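Below is one structure, written out as structure tokens; the observations come after it.
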Amino acid sequence: MNLKGTKIKVHDMSLRDGMHPTRHQITIAQMQSVAQGMDAAGVPLIEVTHGDGLGGASVNYGFPAASDEEYLRAVIPLMKTAKVSALLIPGIGTIDHLRMAADCGVAAIRIATHCTEADVAEQHINLGRKMGLDTVGFLMMAHMIEPEQLLQQALLMESYGANCLYAADSAGYMLPDDVSARIRLLREKLKPETEIGFHGHHNLAMGIANSLAAVEAGARRIDGACGGMGAGAGNTPLEVFVAVCNRMGIETGVDVFKISDVAEDLVTPILDFPVRIDRNSLTLGYAGVYSSFLLFAKRAEAKYGISAREILLELGRRKMVGGQEDMIEDTALTMLRERGQLKAAAA
Amino acid sequence: MKKIKCAIIGPGNIGTDLLYKLRRSTLLEPVWMVGVDPTSEGLARAREFGLKTTDKGVDGLLPFVAADGVQIAFDATSAYAHKENSDKLNALGVMMIDLTPAAIGPYCVPPINLKAHAGKREMNVNMVTCGGQATIPMVYAVSRVQRVKHAEIVATVASKSVGPGTRKNIDEFTRTTSGAVAKIGGADVGKAIIVINPAEPPMIMRDTIHCLTLDAPKQKEIEASVRDMIAEVQKYVPGYRLNNGPVFDGMRVTTFMEVEGLGDFLPKYAGNLDIMTASATRTAEMFAEEMLAGRLSFEPVAA
């Protein structure tokens, strides 16, 4: 693979996807210190939002330590060169949240939908573009459909005004060929000025390999997170990816040692537990299940005594998509009932 | 027995499913179907059922309202078209049941506040959203026992059951449902989340209702209240079922519902659409009973 001289932009997820393993409890001060470290290391884009995007504060996904607005207003003014983005999942957040984030000074808005449901994002993408934001269409769980179907959805988002389209491997299920096939087709068929991005999860330890495959196929934005942050077994480990890029001559503009110091000194200490590939996060990647289901399945295991792995496999069989965290407790209860360990619910 | 004559505006999936339900009603008689497209399949189907139809929108219906004795109209078009439709028909004394998220009239969730609306002689009532109809009764079942600080609903629907109108305006769903969860459900704060799932075969509508109570939940009373409320909803949506719960976890009370439709015009998995048309029918029947008993009549009002 010769990618020498290729310029890419890395996008840090520690303060958004990283909200999943920290149960959305990263404090404002921690956000500020991690973001400043990243800014100083040369990371060009940093995402700051509830793990489930703007408006994600809920019983269903978890209440965060501070509101999206408080986080954004605390972080954005401190950035010297880095730009801050926010994530918005229509159905959870609305354009009211988008306006709020724009008012806080985000430079980029990423509108995420399940990979088959791009048309719910029309209002939000339209508005983001109209407001002059770097507007990204973000297709989640992209492993669930064929490249050609993914392209059709990407074309819709492009037609609404997205200037960058992402294939997101939200389950950490893809192998490098799966990534290449999708990114290559998007690169061929979308407008040349539309950027392509890839968002990986490290559930099968493919974060780096998949991201390189994406760059080779034409992606120029790559998501990652420091210190193992991110749902499941974390996103593509950013400090490692930057180091690999340096060795290969891919230009990220990020200082390897500075970013590995951010990972070690600022991010690792705020984790409740080491984010790594254990049997449950491996199951996510192996069975193609949404990465942020991990902690919910572990909680259901603790409460109901059914292994998280069995619950995750069942969620995969039922083809659950991102945002269906409510179905985890429900599925555990149903499994208990089917095993005769719970009296039939009254109805 | 005399029936109250009705018009349906919007011959799409919702309007057609509604037509099937109205044809079974002992109190309502659908007589007009209103559309805007002369080639509409929905209009053709309505004609086969013996309804009069127009492809000129509500303006095509207005000249016939008096002669055909139309007293109730259902709007199954869009939030944007609704106000004008409602003004024109209200002006002729026709009561409007709004199935769009426009919500210019008060929210109506039949087992909670239908009787109150009929008593207040409302000329326009809004059916909230599918997610609202499926979940607000469960919020109310908790809030009538004790104070609910935060109520939150997650409606998950099959991709195939979500039409282009809802997709274009998904925020309308989120906002209207959140508002009604608080206001009609009886919670200090309301939040609504919608998830669209493309699985094949399509999944039956699922709804999760989380309530955070102010004080420790009174489990026995809440369980009984939830049971009673499910029985009320089942009177007009037989496929409204408790899948799991209520689960009590600290101050959290969660019920997991499944809504299977009757499969009239729409497939059974589309319980989200069925519960809208069934709720609208139920609402119209309550008003019709009052009209037939001579307790309620609407005079034409200035638009």
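The chains in the structure tokens are called A, B, ... from first to last as shown; in each chain the residues are counted from 1, and the ligands are counted from 1 in the order shown.
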
- prompt: If we count only C-alpha atoms, what is near B:Gly132 at a cut-off of 9 Å, once residues fewer than 3 positions away on the same chain are taken out, given as a VMD selection string?
  reply: chain B and resid 109 127 to 129 135 to 137 153 155 173 176 to 178 180 to 181 192

For chain B against chain A, with a cut-off of 6 Å and counting only C-alpha atoms, what is the closest atom pair and its distance in Å to one decimal for every residue that makes the cut, ordered by chain and number, as JSON lines?
```
{"residue": "B:Arg167", "atom": "CA", "partner": "A:Val120", "partner_atom": "CA", "distance": 4.7}
{"residue": "B:Lys168", "atom": "CA", "partner": "A:Val120", "partner_atom": "CA", "distance": 5.8}
{"residue": "B:Asp171", "atom": "CA", "partner": "A:Thr94", "partner_atom": "CA", "distance": 5.5}
{"residue": "B:Ile193", "atom": "CA", "partner": "A:Ile92", "partner_atom": "CA", "distance": 5.1}
{"residue": "B:Ile194", "atom": "CA", "partner": "A:Gly91", "partner_atom": "CA", "distance": 4.7}
{"residue": "B:Ala199", "atom": "CA", "partner": "A:Lys319", "partner_atom": "CA", "distance": 6.0}
{"residue": "B:Leu242", "atom": "CA", "partner": "A:Ala347", "partner_atom": "CA", "distance": 5.5}
{"residue": "B:Asn244", "atom": "CA", "partner": "A:Ala345", "partner_atom": "CA", "distance": 5.8}
```

Just the selected residues (N, CA and C atoms), exported as a PDB file, in the first residue's frame, please.
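As written to disk, result23.pdb reads:
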```
ATOM      1  N   ARG B 167     -41.090  11.523   7.240  1.00  0.00           N
ATOM      2  CA  ARG B 167     -39.639  11.547   7.050  1.00  0.00           C
ATOM      3  C   ARG B 167     -39.117  12.961   6.835  1.00  0.00           C
ATOM      4  N   LYS B 168     -39.856  13.720   6.042  1.00  0.00           N
ATOM      5  CA  LYS B 168     -39.433  15.092   5.755  1.00  0.00           C
ATOM      6  C   LYS B 168     -39.494  15.970   7.001  1.00  0.00           C
ATOM      7  N   ASP B 171     -38.784  16.160  12.866  1.00  0.00           N
ATOM      8  CA  ASP B 171     -38.763  17.027  14.044  1.00  0.00           C
ATOM      9  C   ASP B 171     -40.172  17.344  14.551  1.00  0.00           C
ATOM     10  N   ILE B 193     -38.490  10.222  21.555  1.00  0.00           N
ATOM     11  CA  ILE B 193     -37.442   9.745  20.647  1.00  0.00           C
ATOM     12  C   ILE B 193     -38.116   8.822  19.645  1.00  0.00           C
ATOM     13  N   ILE B 194     -37.759   8.950  18.379  1.00  0.00           N
ATOM     14  CA  ILE B 194     -38.293   8.008  17.385  1.00  0.00           C
ATOM     15  C   ILE B 194     -37.131   7.316  16.698  1.00  0.00           C
ATOM     16  N   ALA B 199     -35.623  -3.575   9.486  1.00  0.00           N
ATOM     17  CA  ALA B 199     -35.525  -5.043   9.470  1.00  0.00           C
ATOM     18  C   ALA B 199     -36.627  -5.667   8.613  1.00  0.00           C
ATOM     19  N   LEU B 242     -48.860  -5.219  26.459  1.00  0.00           N
ATOM     20  CA  LEU B 242     -47.703  -5.016  27.330  1.00  0.00           C
ATOM     21  C   LEU B 242     -46.717  -6.144  27.040  1.00  0.00           C
ATOM     22  N   ASN B 244     -43.355  -6.166  28.301  1.00  0.00           N
ATOM     23  CA  ASN B 244     -42.652  -6.384  29.566  1.00  0.00           C
ATOM     24  C   ASN B 244     -42.909  -5.199  30.484  1.00  0.00           C
TER      25      ASN B 244
END
```

Can you tell me which residues surround B:Lys220 at a distance of at most 12 Å, considering only C-alpha atoms, apart from same-chain residues fewer than 2 positions away, and format the answer as a compact mmCIF listing (two decimals) with C-alpha atoms, in the first residue's frame?
```txt
# COMPACT_ATOMS: atom_id res chain seq x y z
CA VAL B 142 -48.38 6.48 36.21
CA VAL B 145 -51.05 7.53 40.76
CA ALA B 216 -40.63 6.14 45.42
CA PRO B 217 -43.05 4.50 42.95
CA LYS B 218 -46.17 2.93 44.46
CA ILE B 222 -49.06 1.63 39.27
CA GLU B 223 -49.35 -1.99 38.18
CA ALA B 224 -53.13 -1.86 38.57
CA SER B 225 -53.36 1.51 36.84
CA VAL B 226 -51.28 0.27 33.89
CA ARG B 227 -53.46 -2.84 33.58
CA PRO B 246 -43.72 -2.26 34.49
CA VAL B 247 -40.11 -2.44 35.61
CA PHE B 248 -39.32 -0.56 38.83
```

message: To one decimal place in Å, what is the distance between atom CA of A:Gly137 and atom CA of A:Ile111?
response: 5.2 Å

message: Quick one: residues within 7 Å of B:Pro202, only C-alpha atoms, excluding same-chain residues fewer than 4 positions away - as a ChimeraX atom specification?
response: /B:158,198,269

Kindly save the residues from that selection, with N, CA and C atoms included, as a compact mmCIF listing (two decimals), in the first residue's frame.
```txt
# COMPACT_ATOMS: atom_id res chain seq x y z
N ALA B 158 -41.40 0.36 12.00
CA ALA B 158 -40.82 -0.27 10.82
C ALA B 158 -40.62 0.78 9.73
N PRO B 198 -35.29 -0.81 9.73
CA PRO B 198 -35.61 -1.37 8.41
C PRO B 198 -35.64 -2.90 8.35
N TYR B 269 -48.01 -5.00 10.97
CA TYR B 269 -46.85 -4.45 11.69
C TYR B 269 -46.97 -2.95 11.89
```

Excluding A:Gly253 and any residue of its chain fewer than 5 positions from it, enumerate the residues within 9 Å of it, using only C-alpha atoms, and give them as a PDB file with C-alpha atoms, in the first residue's frame.
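Wrote it out as part.pdb, contents follow:
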```pdb
ATOM      1  CA  LYS A   7      -3.107  14.446   3.045  1.00  0.00           C
ATOM      2  CA  ILE A   8      -5.940  13.479   5.383  1.00  0.00           C
ATOM      3  CA  LYS A   9      -7.851  15.106   8.199  1.00  0.00           C
ATOM      4  CA  VAL A  10      -8.342  13.169  11.426  1.00  0.00           C
ATOM      5  CA  ALA A  41      -1.118  18.275  19.174  1.00  0.00           C
ATOM      6  CA  GLY A  42      -2.507  19.547  15.880  1.00  0.00           C
ATOM      7  CA  VAL A  43      -5.786  17.590  15.703  1.00  0.00           C
ATOM      8  CA  PRO A  44      -7.835  19.635  13.235  1.00  0.00           C
ATOM      9  CA  VAL A 242      -1.295   8.917  13.549  1.00  0.00           C
TER      10      VAL A 242
END
```

task: For stretch 29-32 of chain B, list every protein, DNA or RNA residue within 9 Å, evaluated using only C-alpha atoms, and leave out those in the same chain fewer than 3 positions away; present the list as a PyMOL selection string.
output: chain B and resi 3-9+19+22-26+46+50-54+61+68+70

Include N, CA and C atoms and write out the residues we just selected as a compact mmCIF listing (two decimals), in the first residue's frame.
```txt
# COMPACT_ATOMS: atom_id res chain seq x y z
N LYS B 3 -76.71 7.68 11.13
CA LYS B 3 -75.27 7.82 11.34
C LYS B 3 -74.86 9.25 11.02
N ILE B 4 -73.72 9.66 11.57
CA ILE B 4 -73.16 10.98 11.27
C ILE B 4 -72.28 10.85 10.02
N LYS B 5 -72.51 11.76 9.07
CA LYS B 5 -71.78 11.66 7.80
C LYS B 5 -70.41 12.34 7.91
N CYS B 6 -69.44 11.68 7.29
CA CYS B 6 -68.05 12.13 7.43
C CYS B 6 -67.36 12.28 6.08
N ALA B 7 -66.34 13.13 6.05
CA ALA B 7 -65.46 13.28 4.90
C ALA B 7 -64.04 12.99 5.34
N ILE B 8 -63.28 12.35 4.46
CA ILE B 8 -61.87 12.10 4.72
C ILE B 8 -61.06 12.94 3.73
N ILE B 9 -60.13 13.71 4.23
CA ILE B 9 -59.26 14.50 3.35
C ILE B 9 -57.90 13.83 3.34
N LEU B 19 -60.81 4.89 6.19
CA LEU B 19 -62.05 4.56 5.47
C LEU B 19 -62.55 3.16 5.86
N LEU B 22 -64.08 3.43 9.33
CA LEU B 22 -65.35 4.17 9.37
C LEU B 22 -66.48 3.33 8.79
N ARG B 23 -66.15 2.51 7.77
CA ARG B 23 -67.20 1.67 7.15
C ARG B 23 -67.77 0.65 8.13
N ARG B 24 -66.98 0.31 9.16
CA ARG B 24 -67.48 -0.65 10.15
C ARG B 24 -68.24 0.02 11.29
N SER B 25 -68.14 1.35 11.36
CA SER B 25 -68.70 2.05 12.52
C SER B 25 -70.22 2.03 12.49
N THR B 26 -70.83 1.90 13.67
CA THR B 26 -72.29 1.95 13.75
C THR B 26 -72.76 3.39 13.92
N ALA B 46 -61.99 4.59 -2.97
CA ALA B 46 -63.12 5.19 -2.26
C ALA B 46 -64.37 5.17 -3.14
N GLY B 50 -68.31 3.40 -2.95
CA GLY B 50 -69.54 4.19 -3.04
C GLY B 50 -69.43 5.60 -2.48
N LEU B 51 -68.21 6.05 -2.20
CA LEU B 51 -68.06 7.42 -1.71
C LEU B 51 -68.03 8.39 -2.88
N LYS B 52 -68.42 9.62 -2.64
CA LYS B 52 -68.18 10.67 -3.62
C LYS B 52 -66.73 11.11 -3.46
N THR B 53 -66.11 11.51 -4.56
CA THR B 53 -64.72 11.93 -4.46
C THR B 53 -64.49 13.22 -5.24
N THR B 54 -63.46 13.92 -4.86
CA THR B 54 -63.02 15.09 -5.63
C THR B 54 -61.50 15.09 -5.66
N LEU B 61 -64.93 19.94 -2.13
CA LEU B 61 -65.93 19.37 -1.21
C LEU B 61 -66.92 20.42 -0.71
N ASP B 68 -75.01 17.26 1.45
CA ASP B 68 -74.71 15.88 1.83
C ASP B 68 -74.65 15.68 3.34
N VAL B 70 -72.51 16.64 5.68
CA VAL B 70 -71.23 16.27 6.30
C VAL B 70 -71.06 17.04 7.62
```

query: Residues at most 10 Å from B:His117, counting only C-alpha atoms, excluding those fewer than 2 positions away in the same chain, as a count of residues only?
result: 17

- request: Enumerate the residues of stretch 18-222 of chain B with a DSSP assignment of strand (DSSP E), computed from the backbone, and present them as a ChimeraX atom specification.
  value: /B:28-34,52-54,70-75,95-98,124-126,148-158,187-197,205-213
